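Below: target-v1.pdb (PDB, C-alpha atoms)
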```
ATOM      1  CA  MET A 156     130.533  61.030  81.864
ATOM      2  CA  LEU A 157     133.195  62.374  84.264
ATOM      3  CA  VAL A 158     132.590  66.027  85.192
ATOM      4  CA  LEU A 159     134.902  68.346  87.099
ATOM      5  CA  GLY A 160     132.976  70.972  89.084
ATOM      6  CA  ILE A 161     134.477  74.312  90.165
ATOM      7  CA  GLU A 162     132.773  76.660  92.644
ATOM      8  CA  THR A 163     134.142  80.195  93.221
ATOM      9  CA  SER A 164     131.052  82.367  93.646
ATOM     10  CA  CYS A 165     131.933  83.967  96.986
ATOM     11  CA  ASP A 166     134.276  82.990  99.824
ATOM     12  CA  GLU A 167     134.757  79.245  99.339
ATOM     13  CA  THR A 168     136.799  77.490  96.672
ATOM     14  CA  GLY A 169     135.230  74.114  95.937
ATOM     15  CA  VAL A 170     136.245  71.422  93.445
ATOM     16  CA  ALA A 171     134.646  68.003  92.880
ATOM     17  CA  LEU A 172     134.518  65.033  90.527
ATOM     18  CA  TYR A 173     131.169  63.508  89.598
ATOM     19  CA  GLU A 174     130.728  60.471  87.364
ATOM     20  CA  GLY A 175     127.326  59.397  86.089
ATOM     21  CA  GLU A 176     127.636  55.724  87.045
ATOM     22  CA  ALA A 177     129.809  55.981  90.147
ATOM     23  CA  GLY A 178     128.395  59.211  91.592
ATOM     24  CA  LEU A 179     130.509  61.627  93.628
ATOM     25  CA  LEU A 180     134.136  60.476  93.487
ATOM     26  CA  ALA A 181     135.938  63.224  95.392
ATOM     27  CA  GLN A 182     135.587  66.797  96.572
ATOM     28  CA  THR A 183     137.817  69.376  98.191
ATOM     29  CA  LEU A 184     136.957  72.706  99.759
ATOM     30  CA  TYR A 185     138.892  75.700 101.003
ATOM     31  CA  SER A 186     137.066  78.292 103.103
ATOM     32  CA  GLN A 187     138.160  81.935 103.297
ATOM     33  CA  VAL A 188     136.153  82.567 106.479
ATOM     34  CA  ALA A 189     139.191  83.166 108.687
ATOM     35  CA  MET A 190     140.545  85.787 106.282
ATOM     36  CA  HIS A 191     137.260  87.699 105.950
ATOM     37  CA  ALA A 192     136.385  87.456 109.663
ATOM     38  CA  GLU A 193     138.919  90.208 110.370
ATOM     39  CA  TYR A 194     136.787  92.584 108.279
ATOM     40  CA  GLY A 195     133.391  91.411 109.517
ATOM     41  CA  GLY A 196     132.305  90.173 106.078
ATOM     42  CA  VAL A 197     133.473  89.198 102.612
ATOM     43  CA  VAL A 198     135.915  91.561 100.886
ATOM     44  CA  PRO A 199     135.389  90.874  97.145
ATOM     45  CA  GLU A 200     138.923  91.732  95.978
ATOM     46  CA  LEU A 201     140.507  89.520  98.632
ATOM     47  CA  ALA A 202     138.103  86.714  97.760
ATOM     48  CA  SER A 203     139.058  86.838  94.075
ATOM     49  CA  ARG A 204     142.790  86.816  94.812
ATOM     50  CA  ASP A 205     142.456  83.873  97.169
ATOM     51  CA  HIS A 206     140.479  81.866  94.595
ATOM     52  CA  ILE A 207     143.361  82.407  92.149
ATOM     53  CA  ARG A 208     145.802  80.953  94.666
ATOM     54  CA  LYS A 209     143.679  77.948  95.629
ATOM     55  CA  VAL A 210     141.721  76.688  92.626
ATOM     56  CA  LEU A 211     144.435  74.874  90.648
ATOM     57  CA  PRO A 212     145.984  73.147  93.694
ATOM     58  CA  LEU A 213     142.469  71.975  94.637
ATOM     59  CA  VAL A 214     141.858  70.658  91.116
ATOM     60  CA  ARG A 215     145.053  68.593  91.344
ATOM     61  CA  GLU A 216     144.152  67.356  94.844
ATOM     62  CA  THR A 217     140.623  66.383  93.790
ATOM     63  CA  LEU A 218     141.857  64.420  90.763
ATOM     64  CA  ARG A 219     144.356  62.617  92.972
ATOM     65  CA  GLU A 220     141.741  61.737  95.608
ATOM     66  CA  GLY A 221     139.320  60.571  92.930
ATOM     67  CA  GLY A 222     141.922  58.349  91.306
ATOM     68  CA  ARG A 223     141.576  60.115  87.946
ATOM     69  CA  ARG A 224     143.891  62.000  85.598
ATOM     70  CA  VAL A 225     143.057  65.307  83.957
ATOM     71  CA  GLU A 226     142.948  63.454  80.613
ATOM     72  CA  ASP A 227     140.052  61.357  81.944
ATOM     73  CA  LEU A 228     137.711  64.346  82.168
ATOM     74  CA  ASP A 229     134.739  64.463  79.813
ATOM     75  CA  ALA A 230     133.510  67.950  80.776
ATOM     76  CA  VAL A 231     134.056  70.866  83.152
ATOM     77  CA  ALA A 232     131.260  72.686  85.008
ATOM     78  CA  TYR A 233     131.828  75.973  86.828
ATOM     79  CA  THR A 234     129.700  78.509  88.673
ATOM     80  CA  ALA A 235     128.721  81.267  86.238
ATOM     81  CA  GLY A 236     126.491  83.195  88.668
ATOM     82  CA  PRO A 237     124.986  84.656  90.665
ATOM     83  CA  GLY A 238     127.835  85.786  92.903
ATOM     84  CA  LEU A 239     130.774  88.177  93.183
ATOM     85  CA  ILE A 240     131.781  88.938  89.609
ATOM     86  CA  GLY A 241     135.542  88.862  90.241
ATOM     87  CA  ALA A 242     135.312  85.560  92.095
ATOM     88  CA  LEU A 243     133.113  84.073  89.382
ATOM     89  CA  MET A 244     135.623  85.080  86.708
ATOM     90  CA  VAL A 245     138.351  83.045  88.405
ATOM     91  CA  GLY A 246     136.440  79.770  88.260
ATOM     92  CA  ALA A 247     135.031  80.529  84.815
ATOM     93  CA  GLY A 248     138.444  81.384  83.400
ATOM     94  CA  VAL A 249     140.084  78.265  84.812
ATOM     95  CA  GLY A 250     137.177  76.010  83.835
ATOM     96  CA  ARG A 251     136.902  77.304  80.273
ATOM     97  CA  SER A 252     140.657  77.243  79.700
ATOM     98  CA  LEU A 253     141.056  73.717  81.050
ATOM     99  CA  ALA A 254     138.170  72.430  78.942
ATOM    100  CA  TRP A 255     139.512  74.149  75.794
ATOM    101  CA  SER A 256     142.977  72.670  76.310
ATOM    102  CA  LEU A 257     141.477  69.176  76.595
ATOM    103  CA  GLY A 258     139.013  69.601  73.738
ATOM    104  CA  ILE A 259     136.018  68.864  75.994
ATOM    105  CA  PRO A 260     132.856  70.894  76.702
ATOM    106  CA  ALA A 261     132.544  73.407  79.539
ATOM    107  CA  LEU A 262     129.286  74.626  81.041
ATOM    108  CA  GLY A 263     128.417  77.549  83.298
ATOM    109  CA  VAL A 264     126.138  76.480  86.170
ATOM    110  CA  HIS A 265     123.578  78.572  88.053
ATOM    111  CA  HIS A 266     124.676  78.679  91.689
ATOM    112  CA  MET A 267     121.169  78.502  93.164
ATOM    113  CA  GLU A 268     120.073  75.725  90.812
ATOM    114  CA  ALA A 269     123.079  73.748  92.065
ATOM    115  CA  HIS A 270     121.958  74.329  95.677
ATOM    116  CA  LEU A 271     118.428  73.279  94.742
ATOM    117  CA  LEU A 272     119.654  70.047  93.142
ATOM    118  CA  ALA A 273     122.213  69.151  95.834
ATOM    119  CA  PRO A 274     119.729  67.095  97.929
ATOM    120  CA  LEU A 275     119.276  64.815  94.907
ATOM    121  CA  LEU A 276     122.848  63.630  95.518
ATOM    122  CA  GLU A 277     121.630  61.776  98.597
ATOM    123  CA  ALA A 278     120.856  58.043  98.245
ATOM    124  CA  GLU A 279     117.177  58.640  99.011
ATOM    125  CA  GLY A 280     116.902  62.130  97.607
ATOM    126  CA  PRO A 281     113.643  63.565  96.249
ATOM    127  CA  ARG A 282     112.453  63.483  92.678
ATOM    128  CA  PRO A 283     110.349  66.254  91.110
ATOM    129  CA  PRO A 284     107.775  67.579  91.477
ATOM    130  CA  PHE A 285     108.421  69.287  94.824
ATOM    131  CA  VAL A 286     108.642  72.696  96.482
ATOM    132  CA  ALA A 287     112.110  74.026  97.319
ATOM    133  CA  LEU A 288     113.072  76.530  99.989
ATOM    134  CA  LEU A 289     116.367  78.131  98.926
ATOM    135  CA  VAL A 290     117.710  79.946 101.939
ATOM    136  CA  SER A 291     121.200  81.423 102.110
ATOM    137  CA  GLY A 292     123.147  84.612 102.731
ATOM    138  CA  GLY A 293     121.993  86.151  99.468
ATOM    139  CA  HIS A 294     118.694  84.433  98.700
ATOM    140  CA  THR A 295     115.443  83.384 100.343
ATOM    141  CA  GLN A 296     113.106  81.880  97.759
ATOM    142  CA  LEU A 297     110.264  79.398  97.484
ATOM    143  CA  VAL A 298     110.295  77.608  94.138
ATOM    144  CA  GLU A 299     107.947  75.037  92.629
ATOM    145  CA  VAL A 300     110.094  72.453  90.830
ATOM    146  CA  ALA A 301     108.561  70.369  88.051
ATOM    147  CA  GLY A 302     111.931  69.185  86.729
ATOM    148  CA  VAL A 303     115.478  70.369  86.052
ATOM    149  CA  GLY A 304     115.126  73.893  84.685
ATOM    150  CA  ARG A 305     111.349  73.871  85.100
ATOM    151  CA  TYR A 306     110.953  76.343  87.952
ATOM    152  CA  GLU A 307     108.176  78.651  89.074
ATOM    153  CA  LEU A 308     109.076  81.310  91.628
ATOM    154  CA  LEU A 309     106.416  81.310  94.354
ATOM    155  CA  GLY A 310     107.914  83.890  96.676
ATOM    156  CA  GLU A 311     111.184  85.587  97.606
ATOM    157  CA  SER A 312     112.712  88.061  99.999
ATOM    158  CA  LEU A 313     111.858  91.675  99.229
ATOM    159  CA  ASP A 314     114.911  92.944 101.128
ATOM    160  CA  ASP A 315     117.370  91.092 103.380
ATOM    161  CA  ALA A 316     117.736  87.345 102.874
ATOM    162  CA  ALA A 317     117.487  85.136 105.964
ATOM    163  CA  GLY A 318     121.226  84.416 105.988
ATOM    164  CA  GLU A 319     121.992  88.112 105.700
ATOM    165  CA  ALA A 320     119.740  88.782 108.693
ATOM    166  CA  PHE A 321     121.681  86.150 110.662
ATOM    167  CA  ASP A 322     124.972  87.886 109.789
ATOM    168  CA  LYS A 323     123.666  91.325 110.772
ATOM    169  CA  THR A 324     122.224  90.016 114.041
ATOM    170  CA  ALA A 325     125.533  88.359 114.870
ATOM    171  CA  LYS A 326     127.292  91.690 114.308
ATOM    172  CA  LEU A 327     124.825  93.480 116.610
ATOM    173  CA  LEU A 328     125.519  90.856 119.290
ATOM    174  CA  GLY A 329     129.291  91.009 118.838
ATOM    175  CA  LEU A 330     129.484  87.411 117.628
ATOM    176  CA  GLY A 331     131.625  87.975 114.550
ATOM    177  CA  TYR A 332     131.502  86.424 111.089
ATOM    178  CA  PRO A 333     130.013  84.171 109.756
ATOM    179  CA  GLY A 334     126.856  84.970 111.660
ATOM    180  CA  GLY A 335     124.624  81.955 111.074
ATOM    181  CA  PRO A 336     126.604  79.329 113.008
ATOM    182  CA  ALA A 337     127.510  81.853 115.733
ATOM    183  CA  VAL A 338     123.888  82.850 116.386
ATOM    184  CA  ALA A 339     122.775  79.202 116.334
ATOM    185  CA  ARG A 340     125.407  78.265 118.935
ATOM    186  CA  GLU A 341     124.340  81.085 121.265
ATOM    187  CA  ALA A 342     120.657  80.271 120.789
ATOM    188  CA  VAL A 343     121.087  76.771 122.254
ATOM    189  CA  ALA A 344     121.462  78.208 125.767
ATOM    190  CA  GLY A 345     119.040  81.105 125.285
ATOM    191  CA  ARG A 346     115.432  81.677 126.338
ATOM    192  CA  ARG A 347     113.440  82.064 123.141
ATOM    193  CA  ASP A 348     110.404  83.504 124.976
ATOM    194  CA  ARG A 349     112.154  86.384 126.771
ATOM    195  CA  PHE A 350     111.774  88.753 123.802
ATOM    196  CA  ARG A 351     108.901  88.791 121.326
ATOM    197  CA  LEU A 352     110.224  89.622 117.874
ATOM    198  CA  PRO A 353     108.067  90.017 114.735
ATOM    199  CA  ARG A 354     107.356  87.244 112.233
ATOM    200  CA  PRO A 355     107.449  89.462 109.117
ATOM    201  CA  MET A 356     104.693  89.220 106.520
ATOM    202  CA  THR A 357     103.065  86.178 108.127
ATOM    203  CA  ASP A 358      99.911  88.148 109.044
ATOM    204  CA  ARG A 359      98.957  88.637 105.385
ATOM    205  CA  PRO A 360      98.487  86.337 102.391
ATOM    206  CA  GLY A 361     101.349  85.555 100.059
ATOM    207  CA  LEU A 362     104.684  83.767  99.965
ATOM    208  CA  ASP A 363     107.173  86.655  99.888
ATOM    209  CA  PHE A 364     109.612  87.301 102.734
ATOM    210  CA  SER A 365     110.994  90.390 104.458
ATOM    211  CA  PHE A 366     113.642  90.273 107.169
ATOM    212  CA  SER A 367     114.753  93.934 107.384
ATOM    213  CA  GLY A 368     112.073  94.742 109.958
ATOM    214  CA  LEU A 369     113.155  91.804 112.099
ATOM    215  CA  LYS A 370     116.740  93.034 111.940
ATOM    216  CA  THR A 371     115.569  96.502 113.073
ATOM    217  CA  ALA A 372     113.622  94.942 115.964
ATOM    218  CA  VAL A 373     116.776  93.103 117.059
ATOM    219  CA  ALA A 374     118.786  96.337 116.863
ATOM    220  CA  ASN A 375     116.228  98.166 119.033
ATOM    221  CA  THR A 376     116.198  95.305 121.551
ATOM    222  CA  VAL A 377     119.991  95.304 121.778
ATOM    223  CA  ARG A 378     120.119  99.076 122.288
ATOM    224  CA  GLY A 379     117.685  98.731 125.181
ATOM    225  CA  LEU A 380     119.928  96.150 126.871
ATOM    226  CA  GLU A 381     123.381  97.697 126.459
ATOM    227  CA  PRO A 382     125.816  96.887 127.879
ATOM    228  CA  LEU A 383     124.983  93.309 126.912
ATOM    229  CA  ALA A 384     125.482  90.503 129.404
ATOM    230  CA  ALA A 385     126.184  86.955 128.232
ATOM    231  CA  ARG A 386     122.619  85.954 129.140
ATOM    232  CA  ASP A 387     121.252  88.821 127.016
ATOM    233  CA  VAL A 388     123.238  87.689 123.965
ATOM    234  CA  ALA A 389     121.980  84.119 124.275
ATOM    235  CA  ASP A 390     118.357  85.182 124.779
ATOM    236  CA  VAL A 391     118.332  87.629 121.849
ATOM    237  CA  ALA A 392     119.970  85.000 119.631
ATOM    238  CA  ALA A 393     117.328  82.442 120.623
ATOM    239  CA  ALA A 394     114.452  84.866 120.054
ATOM    240  CA  PHE A 395     115.836  85.915 116.673
ATOM    241  CA  GLN A 396     116.396  82.358 115.462
ATOM    242  CA  GLU A 397     112.895  81.406 116.627
ATOM    243  CA  ALA A 398     111.397  84.305 114.659
ATOM    244  CA  VAL A 399     113.239  83.376 111.458
ATOM    245  CA  VAL A 400     112.379  79.684 111.761
ATOM    246  CA  ASP A 401     108.716  80.424 112.536
ATOM    247  CA  THR A 402     108.515  82.651 109.460
ATOM    248  CA  LEU A 403     110.121  80.086 107.162
ATOM    249  CA  VAL A 404     107.944  77.240 108.461
ATOM    250  CA  ILE A 405     104.727  79.239 108.020
ATOM    251  CA  LYS A 406     105.621  80.173 104.443
ATOM    252  CA  CYS A 407     106.675  76.611 103.558
ATOM    253  CA  ARG A 408     103.363  75.226 104.778
ATOM    254  CA  ARG A 409     101.537  77.830 102.695
ATOM    255  CA  ALA A 410     103.586  76.961  99.602
ATOM    256  CA  LEU A 411     102.838  73.256  99.947
ATOM    257  CA  ALA A 412      99.140  73.968 100.389
ATOM    258  CA  ALA A 413      99.095  76.283  97.368
ATOM    259  CA  THR A 414     100.808  73.769  95.077
ATOM    260  CA  GLY A 415      99.269  70.581  96.439
ATOM    261  CA  SER A 416     102.728  69.121  96.945
ATOM    262  CA  THR A 417     103.731  67.066  99.980
ATOM    263  CA  ALA A 418     107.523  67.184  99.439
ATOM    264  CA  LEU A 419     109.757  70.070 100.492
ATOM    265  CA  VAL A 420     113.437  70.401  99.593
ATOM    266  CA  LEU A 421     115.526  72.556 101.928
ATOM    267  CA  ALA A 422     118.682  73.916 100.311
ATOM    268  CA  GLY A 423     121.333  76.615 100.743
ATOM    269  CA  GLY A 424     123.671  77.567 103.563
ATOM    270  CA  VAL A 425     120.935  78.225 106.141
ATOM    271  CA  ALA A 426     119.620  74.702 105.423
ATOM    272  CA  ALA A 427     122.376  73.485 107.758
ATOM    273  CA  ASN A 428     120.596  75.160 110.704
ATOM    274  CA  VAL A 429     119.546  72.341 113.056
ATOM    275  CA  GLU A 430     116.532  74.179 114.498
ATOM    276  CA  LEU A 431     115.150  74.870 111.033
ATOM    277  CA  ARG A 432     115.578  71.228 109.984
ATOM    278  CA  THR A 433     113.922  69.975 113.173
ATOM    279  CA  ARG A 434     110.938  72.312 112.965
ATOM    280  CA  LEU A 435     110.303  71.630 109.271
ATOM    281  CA  ALA A 436     110.512  67.877 109.839
ATOM    282  CA  ALA A 437     107.715  68.205 112.386
ATOM    283  CA  ALA A 438     105.616  70.623 110.343
ATOM    284  CA  VAL A 439     105.473  69.203 106.803
ATOM    285  CA  PRO A 440     104.894  65.663 105.452
ATOM    286  CA  GLU A 441     108.246  65.147 103.682
ATOM    287  CA  VAL A 442     111.449  67.160 104.017
ATOM    288  CA  PHE A 443     114.616  66.498 102.034
ATOM    289  CA  HIS A 444     117.966  68.217 102.449
ATOM    290  CA  ALA A 445     121.578  67.599 101.617
ATOM    291  CA  ALA A 446     124.195  66.618 104.170
ATOM    292  CA  PRO A 447     125.435  69.698 106.071
ATOM    293  CA  ALA A 448     128.717  69.693 104.093
ATOM    294  CA  LEU A 449     126.715  70.022 100.861
ATOM    295  CA  CYS A 450     124.476  72.855 102.119
ATOM    296  CA  THR A 451     127.187  75.500 102.044
ATOM    297  CA  ASP A 452     128.932  76.386  98.774
ATOM    298  CA  ASN A 453     130.805  73.384  97.357
ATOM    299  CA  GLY A 454     132.098  71.892  94.129
ATOM    300  CA  ALA A 455     129.988  68.722  94.361
ATOM    301  CA  MET A 456     126.733  70.540  93.682
ATOM    302  CA  ILE A 457     128.300  72.306  90.689
ATOM    303  CA  ALA A 458     129.654  69.055  89.236
ATOM    304  CA  TYR A 459     126.270  67.351  89.711
ATOM    305  CA  ALA A 460     124.200  70.202  88.257
ATOM    306  CA  GLY A 461     126.628  70.404  85.345
ATOM    307  CA  TYR A 462     126.347  66.656  84.770
ATOM    308  CA  LEU A 463     122.527  66.811  84.670
ATOM    309  CA  ARG A 464     122.583  69.724  82.232
ATOM    310  CA  LEU A 465     125.229  68.163  79.976
ATOM    311  CA  ALA A 466     123.444  64.806  79.998
ATOM    312  CA  GLY A 467     120.335  66.676  78.879
ATOM    313  CA  GLY A 468     122.199  68.026  75.850
ATOM    314  CA  ALA A 469     123.227  71.497  77.080
ATOM    315  CA  THR A 470     126.036  73.198  75.147
ATOM    316  CA  GLU A 471     127.685  76.627  75.263
ATOM    317  CA  PRO A 472     130.026  78.638  73.041
ATOM    318  CA  LEU A 473     133.636  79.301  74.052
ATOM    319  CA  ALA A 474     132.973  82.812  75.364
ATOM    320  CA  ILE A 475     133.293  83.276  79.121
ATOM    321  CA  VAL A 476     130.026  84.672  80.490
ATOM    322  CA  THR A 477     129.433  85.329  84.198
ATOM    323  CA  ARG A 478     126.496  87.084  85.853
ATOM    324  CA  ALA A 479     126.446  88.732  89.264
ATOM    325  CA  ARG A 480     122.641  88.601  89.127
ATOM    326  CA  TRP A 481     120.810  85.786  87.395
ATOM    327  CA  PRO A 482     117.131  84.975  88.021
ATOM    328  CA  LEU A 483     116.557  81.251  88.458
ATOM    329  CA  THR A 484     113.433  81.415  86.293
ATOM    330  CA  GLU A 485     115.505  82.422  83.221
ATOM    331  CA  LEU A 486     117.047  78.953  83.018
ATOM    332  CA  PRO A 487     115.886  76.695  80.167
ATOM    333  CA  PRO A 488     114.534  73.213  80.907
ATOM    334  CA  ALA A 489     117.090  70.399  80.726
TER     335      ALA A 489
END
```
Would you mind writing the structure in this file as structure tokens?
Amino acid sequence: MLVLGIETSCDETGVALYEGEAGLLAQTLYSQVAMHAEYGGVVPELASRDHIRKVLPLVRETLREGGRRVEDLDAVAYTAGPGLIGALMVGAGVGRSLAWSLGIPALGVHHMEAHLLAPLLEAEGPRPPFVALLVSGGHTQLVEVAGVGRYELLGESLDDAAGEAFDKTAKLLGLGYPGGPAVAREAVAGRRDRFRLPRPMTDRPGLDFSFSGLKTAVANTVRGLEPLAARDVADVAAAFQEAVVDTLVIKCRRALAATGSTALVLAGGVAANVELRTRLAAAVPEVFHAAPALCTDNGAMIAYAGYLRLAGGATEPLAIVTRARWPLTELPPA
């Protein structure tokens, strides 16, 4: 089965080809980061318009790189949510229309399920059951995974997600957008022990997260240092990253102990953070994650998740349905 995957949930247009026997054949990606950086964050209307301009050229480029024609497609998978509703509608409209014109099925894919399954694309990827840490700009969740679509939510962020906290800290430090990579770069040269920042909700039982208090602590620290010197920026960045990583590691260890699992899957945009990968590798028995290029939003994870769902017999009517909010636990088993 040859599946075309289309990702347009936020600020990256991703397209990929996945074939059951051959695996990932080709993928292309266009990032809108440079456009949104001028505004300090994603502007939804601009994101939607840019997806319209880029998605069809990327489909043609991906087919060419994969050595396939549009007539070779057996199905189309697209991101149906969660995400920016206007951006989602672009990919959904293109995906549904293309599939209808070819007389093949189309399937809306859950964005976070695709992130969760992306590490399975690796040659030695994990197989359920395992615990997954989904950590991105919009989500921080711990999920027990018994199989595709068989998910139990163990804990989640009650306010800011970890990636959102990175973005807000970067803004406080004058590092621009996107914040995660910028803070990580500064942290390399910083002293992580100069400032003691809180590790939220680690002093009580449970697996939920909260990063708004950490963000406030960073803001108060920055105000006490202004005007900021280069050394101050590096040290605050290092202390902040250390606090986030400590918090995530503590909660992951708790989740593994609670479920009796030894395998942890790390997925989502923040999964590309080198410090987080290093610390988790030292703290838990088995850690699996996708290649850095497959941690951020991409078409490959959508094509793969769509393939698994379609191979399991999933079908949908012709109506275009997208959801800005969509709990992972509402998904049916594959």
How far is it from atom CA of Asp358 of chain A to atom CA of Cys450 of chain A, in Å with one decimal?
-> 29.8 Å
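Put simply, the PyMOL selection byres ((chain A and resi 417) around 9) on this file hits A:Phe285, A:Val286, A:Leu411, A:Ala412, A:Thr414, A:Gly415, A:Ser416, A:Ala418, A:Leu419, A:Val439, A:Pro440, A:Glu441, A:Val442.
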Pull out every residue that the PyMOL selection byres ((chain A and resi 352) around 12) matches in the shown coordinates and put them as a ChimeraX atom specification.
-> /A:347-351,353-355,366,368-377,390-402
Shell of 7 Å around Ser291 of chain A, only C-alpha atoms, local chain residues under 4 positions omitted, as number ranges by chain | A: 295, 316-318, 423-425
Selection: 12 Å around Gly329 of chain A, all atoms listed in the file, excl. self and same-chain fewer than 2 positions, as a PyMOL selection string | chain A and resi 195+322-327+331-334+337-338+341+374+377+381-385+387-389+391-392
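When all atoms listed in the file are used to compute distances to Leu473 of chain A, the closest of the residues A:Leu201, A:Ala261, A:Val210, A:Ala232 turns out to be A:Ala261.
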List the residues matched by the PyMOL selection byres ((chain A and resi 302) around 10) in the displayed structure as a PDB file with C-alpha atoms, keeping the file's coordinate frame, ordered by chain and then by residue number.
```pdb
ATOM      1  CA  ARG A 282     112.453  63.483  92.678  1.00  0.00           C
ATOM      2  CA  PRO A 283     110.349  66.254  91.110  1.00  0.00           C
ATOM      3  CA  PRO A 284     107.775  67.579  91.477  1.00  0.00           C
ATOM      4  CA  PHE A 285     108.421  69.287  94.824  1.00  0.00           C
ATOM      5  CA  GLU A 299     107.947  75.037  92.629  1.00  0.00           C
ATOM      6  CA  VAL A 300     110.094  72.453  90.830  1.00  0.00           C
ATOM      7  CA  ALA A 301     108.561  70.369  88.051  1.00  0.00           C
ATOM      8  CA  VAL A 303     115.478  70.369  86.052  1.00  0.00           C
ATOM      9  CA  GLY A 304     115.126  73.893  84.685  1.00  0.00           C
ATOM     10  CA  ARG A 305     111.349  73.871  85.100  1.00  0.00           C
ATOM     11  CA  TYR A 306     110.953  76.343  87.952  1.00  0.00           C
ATOM     12  CA  PRO A 488     114.534  73.213  80.907  1.00  0.00           C
ATOM     13  CA  ALA A 489     117.090  70.399  80.726  1.00  0.00           C
TER      14      ALA A 489
END
```
Output, as JSON, the centre and edge lengths in Å (one decimal) of the axis-aligned box that contains all listed atoms of segment 246-251 of chain A with 4 Å of margin on each side.
```
{"center_x": 137.6, "center_y": 78.7, "center_z": 84.3, "size_x": 13.1, "size_y": 13.4, "size_z": 16.0}
```
Pick out the closest residue to Tyr185 of chain A from this set: A:Met356, A:Ala269, A:Leu159, A:Leu213. Count all atoms listed in the file.
-> A:Leu213
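Closest approach to Asn428 of chain A from the set A:Ile405, A:Leu463, A:Leu228, A:Ala448 is made by A:Ala448, with distances taken over only C-alpha atoms.
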Nearest to Gly468 of chain A, restricted to only C-alpha atoms and choosing among A:Ala455, A:His191, A:Ala242, A:Pro487, comes out as A:Pro487
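The gap separating atom CA of His444 of chain A from atom CA of Leu157 of chain A is 24.4 Å, in Å to one decimal.
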Tell me which of A:His266, A:Arg223, A:Arg204, A:Arg215 sits closest to Leu180 of chain A, counting all atoms listed in the file.
-> A:Arg223
Quick one: residues within 8 Å of Leu289 of chain A, only C-alpha atoms counted, chain neighbours fewer than 2 positions away excluded, as a PyMOL selection string?
-> chain A and resi 267+270-271+287+291+294-298+421-423
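Nearest residue to Glu167 of chain A among A:Leu431, A:Ile259, A:Leu239, A:Ala230 is A:Leu239, counting all atoms listed in the file.
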Point-to-point distance from atom CA of Val197 of chain A to atom CA of Gly241 of chain A, Å rounded to tenths = 12.5 Å
Taking (127.6, 69.0, 91.1) in the file's own coordinates, collect the residues within 10 Å, counting all atoms listed in the file, and hand them back as a ChimeraX atom specification.
-> /A:158-162,170-174,178-179,182,232-233,264,269-270,272-273,276,449,453-463
